[in-house]
file protein.txt (compact mmCIF, C-alpha atoms)
# COMPACT_ATOMS: atom_id res chain seq x y z
CA MET A 1 0.00 0.00 0.00
CA SER A 2 1.69 3.22 -1.16
CA LEU A 3 -0.54 5.70 0.59
CA ASP A 4 0.03 8.11 3.45
CA THR A 5 -2.23 6.24 5.87
CA ALA A 6 -1.45 8.62 8.70
CA LEU A 7 -2.70 11.54 6.61
CA ILE A 8 -5.78 9.58 5.52
CA ASN A 9 -6.62 8.70 9.10
CA THR A 10 -6.13 12.28 10.29
CA LEU A 11 -8.28 13.82 7.57
CA SER A 12 -11.01 11.18 7.78
CA GLU A 13 -11.47 11.58 11.52
CA ILE A 14 -12.32 15.28 11.19
CA ASP A 15 -15.98 16.26 10.88
CA SER A 16 -16.81 18.84 8.22
CA VAL A 17 -20.54 19.01 7.60
CA SER A 18 -21.36 21.82 5.18
CA GLY A 19 -20.99 25.24 6.74
CA ASP A 20 -18.73 23.94 9.50
CA GLU A 21 -15.50 23.14 7.65
CA LYS A 22 -13.06 25.06 9.83
CA ALA A 23 -11.47 22.02 11.48
CA ILE A 24 -10.63 20.31 8.18
CA SER A 25 -9.48 23.66 6.78
CA MET A 26 -7.02 24.06 9.64
CA ALA A 27 -5.64 20.56 9.07
CA VAL A 28 -5.23 21.24 5.35
CA LYS A 29 -3.64 24.62 6.04
CA ALA A 30 -1.02 23.03 8.29
CA GLU A 31 0.10 20.89 5.33
CA TYR A 32 -0.18 23.68 2.74
CA GLU A 33 2.05 26.00 4.76
CA LYS A 34 4.92 23.50 4.54
CA LEU A 35 4.68 23.29 0.75
CA ALA A 36 3.33 26.50 -0.76
CA ASP A 37 4.54 30.05 -1.37
CA GLN A 38 1.29 31.44 0.03
CA VAL A 39 -2.03 30.26 1.50
CA ILE A 40 -5.18 32.25 0.77
CA TYR A 41 -8.89 32.11 1.66
CA ASP A 42 -12.09 33.49 0.25
CA ASN A 43 -14.72 34.88 2.60
CA LEU A 44 -16.76 31.64 2.79
CA GLY A 45 -13.77 29.61 3.93
CA SER A 46 -12.43 27.94 0.79
CA ILE A 47 -8.65 27.60 1.05
CA PHE A 48 -5.89 27.53 -1.58
CA ALA A 49 -2.14 26.94 -1.58
CA ILE A 50 -0.28 28.93 -4.24
CA LYS A 51 2.87 27.75 -5.99
CA LYS A 52 4.14 30.74 -7.93
CA SER A 53 5.85 30.69 -11.30
CA LYS A 54 8.96 32.82 -11.82
CA LYS A 55 7.35 34.19 -14.97
CA GLN A 56 5.54 37.51 -14.72
CA ASN A 57 1.79 37.52 -15.36
CA ALA A 58 1.77 33.72 -15.62
CA PRO A 59 -1.52 31.94 -16.34
CA ARG A 60 -3.29 30.40 -13.38
CA VAL A 61 -4.16 26.72 -13.00
CA MET A 62 -6.83 26.01 -10.40
CA ILE A 63 -6.92 22.50 -8.92
CA ALA A 64 -9.90 22.25 -6.59
CA GLY A 65 -12.28 19.90 -4.84
CA HIS A 66 -14.61 20.21 -1.91
CA MET A 67 -13.81 19.42 1.73
CA ASP A 68 -17.32 19.45 3.18
CA GLU A 69 -19.32 16.30 3.84
CA SER A 70 -22.98 15.44 4.20
CA GLY A 71 -24.57 15.40 7.64
CA PHE A 72 -27.30 17.12 9.62
CA ILE A 73 -28.09 20.40 11.37
CA VAL A 74 -29.99 20.60 14.68
CA LYS A 75 -33.39 22.27 14.28
CA LYS A 76 -35.72 21.10 17.08
CA PHE A 77 -35.63 19.70 20.62
CA ASN A 78 -38.37 17.22 21.50
CA PRO A 79 -39.84 16.87 25.02
CA ASN A 80 -38.67 13.24 25.24
CA GLY A 81 -35.02 14.24 24.69
CA THR A 82 -34.72 13.32 21.02
CA ILE A 83 -33.60 15.87 18.46
CA LYS A 84 -34.96 16.72 15.03
CA ALA A 85 -32.26 17.53 12.48
CA LEU A 86 -32.36 18.63 8.87
CA SER A 87 -30.15 16.79 6.39
CA LEU A 88 -27.40 18.72 4.65
CA GLY A 89 -26.23 17.25 1.36
CA ASN A 90 -27.07 14.12 -0.58
CA ILE A 91 -27.58 11.20 1.77
CA GLU A 92 -28.82 7.75 0.81
CA ALA A 93 -31.92 7.26 2.96
CA SER A 94 -31.58 3.46 2.96
CA SER A 95 -28.25 3.70 4.81
CA LEU A 96 -29.45 5.69 7.81
CA LEU A 97 -31.37 3.50 10.28
CA GLY A 98 -29.15 2.83 13.28
CA ALA A 99 -26.24 4.87 11.91
CA THR A 100 -23.92 6.18 14.61
CA VAL A 101 -23.58 9.95 14.71
CA ARG A 102 -22.03 12.58 16.95
CA VAL A 103 -22.55 16.22 17.82
CA LYS A 104 -19.93 18.62 19.18
CA THR A 105 -21.16 20.76 22.04
CA ARG A 106 -20.23 24.34 22.84
CA ASN A 107 -17.62 23.09 25.35
CA GLU A 108 -15.92 21.01 22.61
CA LYS A 109 -17.30 17.70 23.90
CA PHE A 110 -18.45 15.00 21.46
CA ILE A 111 -21.68 13.17 22.28
CA LEU A 112 -22.54 9.97 20.44
CA GLY A 113 -26.02 9.13 19.23
CA THR A 114 -27.95 7.12 16.67
CA LEU A 115 -30.58 7.75 13.99
CA LEU A 116 -34.09 6.47 14.73
CA ALA A 117 -36.93 5.47 12.45
CA TYR A 118 -39.85 7.87 12.55
CA ASP A 119 -42.42 5.14 11.69
CA LYS A 120 -42.99 1.39 12.06
CA ALA A 121 -41.80 0.79 8.50
CA GLY A 122 -38.28 1.80 9.51
CA ASN A 123 -38.05 5.01 7.49
CA VAL A 124 -35.50 7.53 8.75
CA LEU A 125 -35.43 10.44 6.31
CA ASP A 126 -38.88 11.99 6.04
CA GLY A 127 -40.45 14.09 3.30
CA ALA A 128 -39.03 17.28 4.79
CA LYS A 129 -35.50 15.77 4.64
CA GLU A 130 -35.41 15.57 8.44
CA VAL A 131 -34.20 12.82 10.78
CA LEU A 132 -34.82 11.90 14.40
CA VAL A 133 -31.67 11.56 16.54
CA ASP A 134 -31.31 9.88 19.94
CA PHE A 135 -28.32 11.01 22.02
CA GLY A 136 -29.60 9.30 25.15
CA PHE A 137 -31.14 12.40 26.67
CA GLU A 138 -34.36 12.01 28.63
CA SER A 139 -35.75 15.55 28.30
CA GLU A 140 -35.45 18.82 26.42
CA ALA A 141 -33.85 20.37 29.51
CA GLU A 142 -31.07 17.78 29.41
CA ILE A 143 -30.29 18.71 25.80
CA VAL A 144 -29.87 22.34 26.83
CA GLU A 145 -27.77 21.38 29.86
CA ASN A 146 -25.34 19.61 27.51
CA GLN A 147 -24.79 22.84 25.57
CA ILE A 148 -26.36 21.73 22.32
CA THR A 149 -28.12 24.45 20.39
CA PHE A 150 -29.94 25.09 17.11
CA GLY A 151 -27.61 25.10 14.13
CA ASP A 152 -25.12 22.62 15.58
CA ARG A 153 -23.89 20.08 13.04
CA ILE A 154 -24.33 16.33 13.45
CA SER A 155 -21.79 14.10 11.70
CA PHE A 156 -21.50 10.41 10.98
CA VAL A 157 -18.90 8.67 13.13
CA ASN A 158 -15.91 7.59 11.07
CA GLN A 159 -14.63 4.01 10.93
CA THR A 160 -11.60 4.21 8.64
CA ARG A 161 -10.23 0.77 7.91
CA TYR A 162 -8.44 -1.12 5.15
CA SER A 163 -9.36 -4.31 3.33
CA SER A 164 -7.36 -7.46 4.11
CA ASN A 165 -5.59 -7.23 0.74
CA GLU A 166 -4.77 -3.57 1.45
CA GLN A 167 -6.36 -2.58 -1.85
CA ARG A 168 -9.41 -0.66 -0.61
CA VAL A 169 -10.09 1.95 2.04
CA PHE A 170 -13.40 2.30 3.90
CA ALA A 171 -14.34 5.70 5.35
CA LYS A 172 -17.45 7.77 6.06
CA ASN A 173 -16.50 10.73 3.89
CA TRP A 174 -14.42 9.91 0.82
CA ASP A 175 -16.52 12.39 -1.12
CA GLY A 176 -15.11 15.17 1.06
CA ARG A 177 -11.59 13.78 1.62
CA TYR A 178 -10.38 12.78 -1.84
CA ALA A 179 -9.58 16.37 -2.81
CA PRO A 180 -7.81 17.36 0.43
CA LEU A 181 -5.72 14.17 0.36
CA LEU A 182 -4.79 14.31 -3.33
CA GLY A 183 -4.15 18.05 -3.24
CA ILE A 184 -1.64 17.68 -0.40
CA GLU A 185 0.12 14.77 -2.08
CA VAL A 186 0.34 16.64 -5.40
CA LEU A 187 1.81 19.68 -3.63
CA ARG A 188 4.44 17.44 -2.06
CA ALA A 189 5.34 16.00 -5.47
CA ILE A 190 5.65 19.35 -7.32
CA LYS A 191 7.31 21.31 -4.52
CA ASP A 192 10.64 21.63 -6.35
CA ILE A 193 9.32 21.78 -9.94
CA GLU A 194 9.29 25.09 -11.83
CA PHE A 195 6.23 25.74 -14.01
CA GLU A 196 5.29 28.36 -16.60
CA PHE A 197 2.09 28.94 -14.66
CA ASP A 198 0.92 29.62 -11.13
CA VAL A 199 -0.66 26.61 -9.44
CA TYR A 200 -3.56 27.10 -7.04
CA ILE A 201 -4.37 23.86 -5.21
CA GLY A 202 -7.20 23.98 -2.74
CA CYS A 203 -10.45 22.92 -1.17
CA THR A 204 -13.87 24.51 -1.33
CA VAL A 205 -16.72 24.67 1.17
CA GLN A 206 -20.47 24.03 0.98
CA GLU A 207 -20.48 21.85 -2.12
CA GLN A 208 -23.02 19.50 -0.59
CA VAL A 209 -25.62 22.27 -0.24
CA GLY A 210 -25.52 23.73 -3.73
CA PHE A 211 -21.97 24.27 -5.03
CA ARG A 212 -21.62 27.51 -3.08
CA GLY A 213 -17.94 27.65 -2.15
CA ILE A 214 -16.66 27.03 -5.66
CA GLN A 215 -18.35 30.18 -6.93
CA THR A 216 -16.55 32.50 -4.55
CA ALA A 217 -13.32 30.51 -4.97
CA VAL A 218 -13.33 31.03 -8.74
CA ASN A 219 -13.70 34.75 -8.24
CA LEU A 220 -10.75 34.62 -5.84
CA VAL A 221 -8.41 32.60 -8.07
CA LYS A 222 -9.48 33.87 -11.52
CA PRO A 223 -8.21 30.71 -13.27
CA ASP A 224 -7.15 30.20 -16.89
CA LEU A 225 -7.50 26.42 -16.52
CA GLY A 226 -9.51 24.38 -14.05
CA ILE A 227 -8.97 20.85 -12.74
CA VAL A 228 -11.61 19.33 -10.47
CA LEU A 229 -10.79 16.60 -7.95
CA ASP A 230 -13.98 14.78 -7.04
CA THR A 231 -15.59 11.40 -6.60
CA ASN A 232 -18.36 9.74 -8.60
CA LYS A 233 -20.73 6.90 -7.82
CA ALA A 234 -19.57 3.42 -8.80
CA PHE A 235 -22.28 1.50 -10.65
CA ASP A 236 -20.38 -1.76 -10.95
CA TYR A 237 -22.05 -4.12 -8.51
CA GLN A 238 -25.82 -3.55 -8.61
CA GLU A 239 -27.68 -6.59 -9.88
CA ASP A 240 -30.36 -4.55 -11.65
CA ASN A 241 -27.86 -2.32 -13.46
CA LYS A 242 -27.37 -3.25 -17.13
CA GLU A 243 -24.39 -0.94 -17.68
CA LYS A 244 -21.27 -0.83 -15.53
CA ASN A 245 -20.29 2.82 -15.15
CA GLY A 246 -17.43 3.55 -12.79
CA GLU A 247 -15.79 0.27 -11.79
CA LEU A 248 -13.55 0.04 -8.75
CA GLY A 249 -10.03 -0.97 -9.69
CA LYS A 250 -10.34 0.14 -13.33
CA GLY A 251 -8.61 3.49 -12.85
CA VAL A 252 -9.12 7.24 -13.07
CA LEU A 253 -12.37 8.37 -14.67
CA ILE A 254 -12.32 10.00 -18.10
CA ASN A 255 -15.47 11.93 -17.25
CA PHE A 256 -16.95 13.17 -20.51
CA TYR A 257 -20.34 14.38 -19.24
CA ASP A 258 -22.25 15.58 -16.25
CA THR A 259 -25.52 17.46 -16.09
CA THR A 260 -23.91 20.85 -15.46
CA VAL A 261 -20.81 20.87 -17.66
CA LEU A 262 -19.59 19.43 -20.95
CA PRO A 263 -15.84 19.00 -20.41
CA ASN A 264 -13.33 20.44 -22.87
CA ARG A 265 -12.65 17.80 -25.52
CA LEU A 266 -8.97 18.63 -25.95
CA LEU A 267 -8.46 18.28 -22.21
CA LEU A 268 -10.22 14.91 -22.26
CA SER A 269 -8.09 13.56 -25.09
CA THR A 270 -4.95 14.87 -23.37
CA LEU A 271 -5.80 13.02 -20.16
CA LYS A 272 -6.68 9.86 -22.09
CA ASN A 273 -3.38 9.96 -24.02
CA ILE A 274 -1.39 10.49 -20.82
CA CYS A 275 -3.00 7.41 -19.33
CA LYS A 276 -2.32 5.31 -22.43
CA GLU A 277 1.29 6.48 -22.80
CA ASN A 278 2.08 5.84 -19.15
CA GLY A 279 0.19 2.59 -18.72
CA LEU A 280 -2.25 4.09 -16.25
CA LEU A 281 -5.60 2.48 -15.56
CA HIS A 282 -8.45 4.63 -16.90
CA GLN A 283 -12.13 4.31 -17.82
CA TYR A 284 -14.80 6.42 -19.45
CA TYR A 285 -17.54 7.77 -17.21
CA TYR A 286 -20.66 9.90 -17.42
CA SER A 287 -22.50 11.41 -14.46
CA MET A 288 -26.18 12.25 -14.12
CA GLU A 289 -25.38 14.70 -11.30
CA GLY A 290 -23.88 18.18 -11.15
CA SER A 291 -20.47 19.25 -9.87
CA ASP A 292 -18.21 22.13 -8.89
CA ALA A 293 -16.77 21.94 -12.40
CA ALA A 294 -19.78 23.79 -13.79
CA TRP A 295 -18.91 26.95 -11.90
CA ILE A 296 -15.24 26.91 -12.86
CA ASN A 297 -16.34 26.32 -16.42
CA LYS A 298 -18.86 29.13 -16.74
CA LEU A 299 -18.06 31.91 -14.27
CA ARG A 300 -16.36 35.11 -15.45
CA THR A 301 -15.46 34.59 -19.15
CA GLY A 302 -15.35 30.78 -18.88
CA THR A 303 -12.54 28.37 -18.06
CA PRO A 304 -11.66 25.05 -19.75
CA THR A 305 -12.15 22.44 -17.04
CA LEU A 306 -11.00 18.85 -16.56
CA PHE A 307 -12.16 16.19 -14.11
CA VAL A 308 -9.58 13.96 -12.40
CA ASN A 309 -12.08 11.80 -10.52
CA VAL A 310 -12.30 8.32 -9.05
CA PRO A 311 -15.29 6.00 -8.51
CA ILE A 312 -16.58 5.34 -5.00
CA ARG A 313 -18.90 2.59 -3.80
CA ASN A 314 -21.56 3.49 -1.24
CA MET A 315 -21.32 7.19 -2.06
CA ASN A 316 -23.34 9.42 0.27
CA THR A 317 -23.53 6.83 3.05
CA PRO A 318 -21.80 6.47 6.43
CA ASN A 319 -19.34 3.98 4.92
CA SER A 320 -17.90 4.56 1.44
CA ILE A 321 -15.22 2.57 -0.39
CA MET A 322 -12.27 3.73 -2.53
CA ASP A 323 -9.86 1.52 -4.47
CA ILE A 324 -6.23 2.52 -3.95
CA SER A 325 -5.23 1.71 -7.54
CA ASP A 326 -7.85 4.19 -8.81
CA TYR A 327 -6.41 6.85 -6.54
CA GLN A 328 -2.86 6.13 -7.66
CA SER A 329 -3.87 6.29 -11.33
CA ALA A 330 -5.53 9.65 -10.76
CA LYS A 331 -2.52 11.00 -8.87
CA LYS A 332 0.00 9.89 -11.47
CA ALA A 333 -2.12 11.15 -14.37
CA LEU A 334 -2.49 14.56 -12.74
CA LEU A 335 1.24 14.83 -12.04
CA VAL A 336 2.15 13.94 -15.62
CA PHE A 337 -0.46 16.39 -16.90
CA LEU A 338 1.12 19.19 -14.84
CA GLU A 339 4.67 18.24 -15.86
CA GLN A 340 3.71 18.40 -19.55
CA LEU A 341 1.58 21.54 -19.26
CA THR A 342 2.83 24.82 -20.72
CA ALA A 343 1.44 28.31 -21.09
CA LYS A 344 1.00 27.58 -24.79
CA LYS A 345 -1.08 24.46 -24.09
CA ILE A 346 -3.26 26.40 -21.64
CA GLN A 347 -4.02 28.84 -24.43
CA GLU A 348 -4.81 25.95 -26.79
CA PHE A 349 -7.29 24.56 -24.29
CA LYS A 350 -8.92 27.99 -24.06
CA GLU A 351 -9.22 28.15 -27.85
CA GLU A 352 -10.55 24.60 -28.32
CA ASN A 353 -14.15 25.67 -28.89
CA ARG A 354 -13.48 28.78 -30.97

call {"tool": "encode", "arguments": {"input": "protein.txt", "output": "structure tokens"}}
result
Amino acid sequence: MSLDTALINTLSEIDSVSGDEKAISMAVKAEYEKLADQVIYDNLGSIFAIKKSKKQNAPRVMIAGHMDESGFIVKKFNPNGTIKALSLGNIEASSLLGATVRVKTRNEKFILGTLLAYDKAGNVLDGAKEVLVDFGFESEAEIVENQITFGDRISFVNQTRYSSNEQRVFAKNWDGRYAPLLGIEVLRAIKDIEFEFDVYIGCTVQEQVGFRGIQTAVNLVKPDLGIVLDTNKAFDYQEDNKEKNGELGKGVLINFYDTTVLPNRLLLSTLKNICKENGLLHQYYYSMEGSDAAWINKLRTGTPTLFVNVPIRNMNTPNSIMDISDYQSAKKALLVFLEQLTAKKIQEFKEENR
């Protein structure tokens, strides 16, 4: 296993439900400061490490992915001591009954709880996207005594572990940890490389609740080229699925479509050729969901944008699965892409659709 397991474990243990990403931001910042020329924020909390080119007025390459995760926000105290919470982000309802969660109180104490069914049929997520949480309290007064208040975030409890063959990693929040992990490892790899462009590697906030952080981040960075680090659902094991789309162990995704952006064709062919020339596992993928890429692609005057994504099983559940070979293919492909990138090629990508 050629992964920084200590870094994975550190990042995965941090809670970062949308709108409360400060703890993961601080962990990422600690790594960025060792590797970058400068660390910057926008006013929503998205964070970027800058590696400056020695060239004046160099083009800007933005490599970004989100660091928030799905979870819940406290909205009501019930007389019997249970709590009503509103879901934040995309969460698979079938995965929720009995899930272990935790809330952090105002005195920095974590309290464990579990999700209850609101009816005899065992349903957990109701029509208003709300859940019922039991933290073991017996009354509303006890909730207040434990310094829980409206707006507090409730997170799934992480259980990071590795498969017996050391090929796959299980964690609650791969969707919000792939970008922080890969961004840090890429910064480590390019630390001593000189580019013709400025590199902005970072993490955005509030993706789970409507792609909010990426919009302000794009206005901060003002990129000439965008690269999105994200995860996509693996459809490779469902018995009723006629088409395998996103197979674990088959490599980085050549993502040619999602509902909010049509990726730049020259960028796609460049990534595909890099994979072929370097013997890197890769597979075509299309997504029926939106992504941060749309906002990089269409804000300001538009930016050619590339996905460097991997498939994840059990996306949007308390226990998701990533294949290490997919991650390594994505990392290597991105590093080769950056090593071969020039200011001239950035301009060619910008002119692809003219």

call {"tool": "closest_atom_pairs", "arguments": {"input": "protein.txt", "of": "stretch 32-82 of chain A", "to": "stretch 332-340 of chain A", "cutoff": "12 Å", "atoms": "only C-alpha atoms", "output": "Markdown table"}}
result
| residue | atom | partner | partner_atom | distance |
| --- | --- | --- | --- | --- |
| A:Val61 | CA | A:Leu338 | CA | 9.4 |
| A:Met62 | CA | A:Leu338 | CA | 11.4 |
| A:Ile63 | CA | A:Leu334 | CA | 9.9 |

call {"tool": "residues_around", "arguments": {"input": "protein.txt", "residues": "stretch 267-270 of chain A", "least_positions_apart": "5", "cutoff": "9 Å", "atoms": "all atoms listed in the file", "output": "list in words"}}
result
Ile254, Asn255, Phe256, Cys275, Pro304, Thr305, Leu306, Phe307, Phe337 and Phe349 of chain A

call {"tool": "residues_around", "arguments": {"input": "protein.txt", "residues": "A:Met26", "least_positions_apart": "6", "cutoff": "12 Å", "atoms": "only C-alpha atoms", "output": "short mmCIF file (atom, residue, chain, number, x, y, z; two decimals) with C-alpha atoms, keeping the file's coordinate frame"}}
result
data_model
loop_
_atom_site.label_atom_id
_atom_site.label_comp_id
_atom_site.auth_asym_id
_atom_site.auth_seq_id
_atom_site.Cartn_x
_atom_site.Cartn_y
_atom_site.Cartn_z
CA THR A 10 -6.13 12.28 10.29
CA LEU A 11 -8.28 13.82 7.57
CA ILE A 14 -12.32 15.28 11.19
CA ASP A 15 -15.98 16.26 10.88
CA SER A 16 -16.81 18.84 8.22
CA ASP A 20 -18.73 23.94 9.50
CA TYR A 32 -0.18 23.68 2.74
CA GLU A 33 2.05 26.00 4.76
CA VAL A 39 -2.03 30.26 1.50
CA TYR A 41 -8.89 32.11 1.66
CA GLY A 45 -13.77 29.61 3.93
CA SER A 46 -12.43 27.94 0.79
CA ILE A 47 -8.65 27.60 1.05
CA PHE A 48 -5.89 27.53 -1.58
CA MET A 67 -13.81 19.42 1.73
CA PRO A 180 -7.81 17.36 0.43
CA CYS A 203 -10.45 22.92 -1.17
#

call {"tool": "atom_distance", "arguments": {"input": "protein.txt", "atom1": "atom CA of A:Gly89", "atom2": "atom CA of A:Glu239"}}
result
26.4 Å
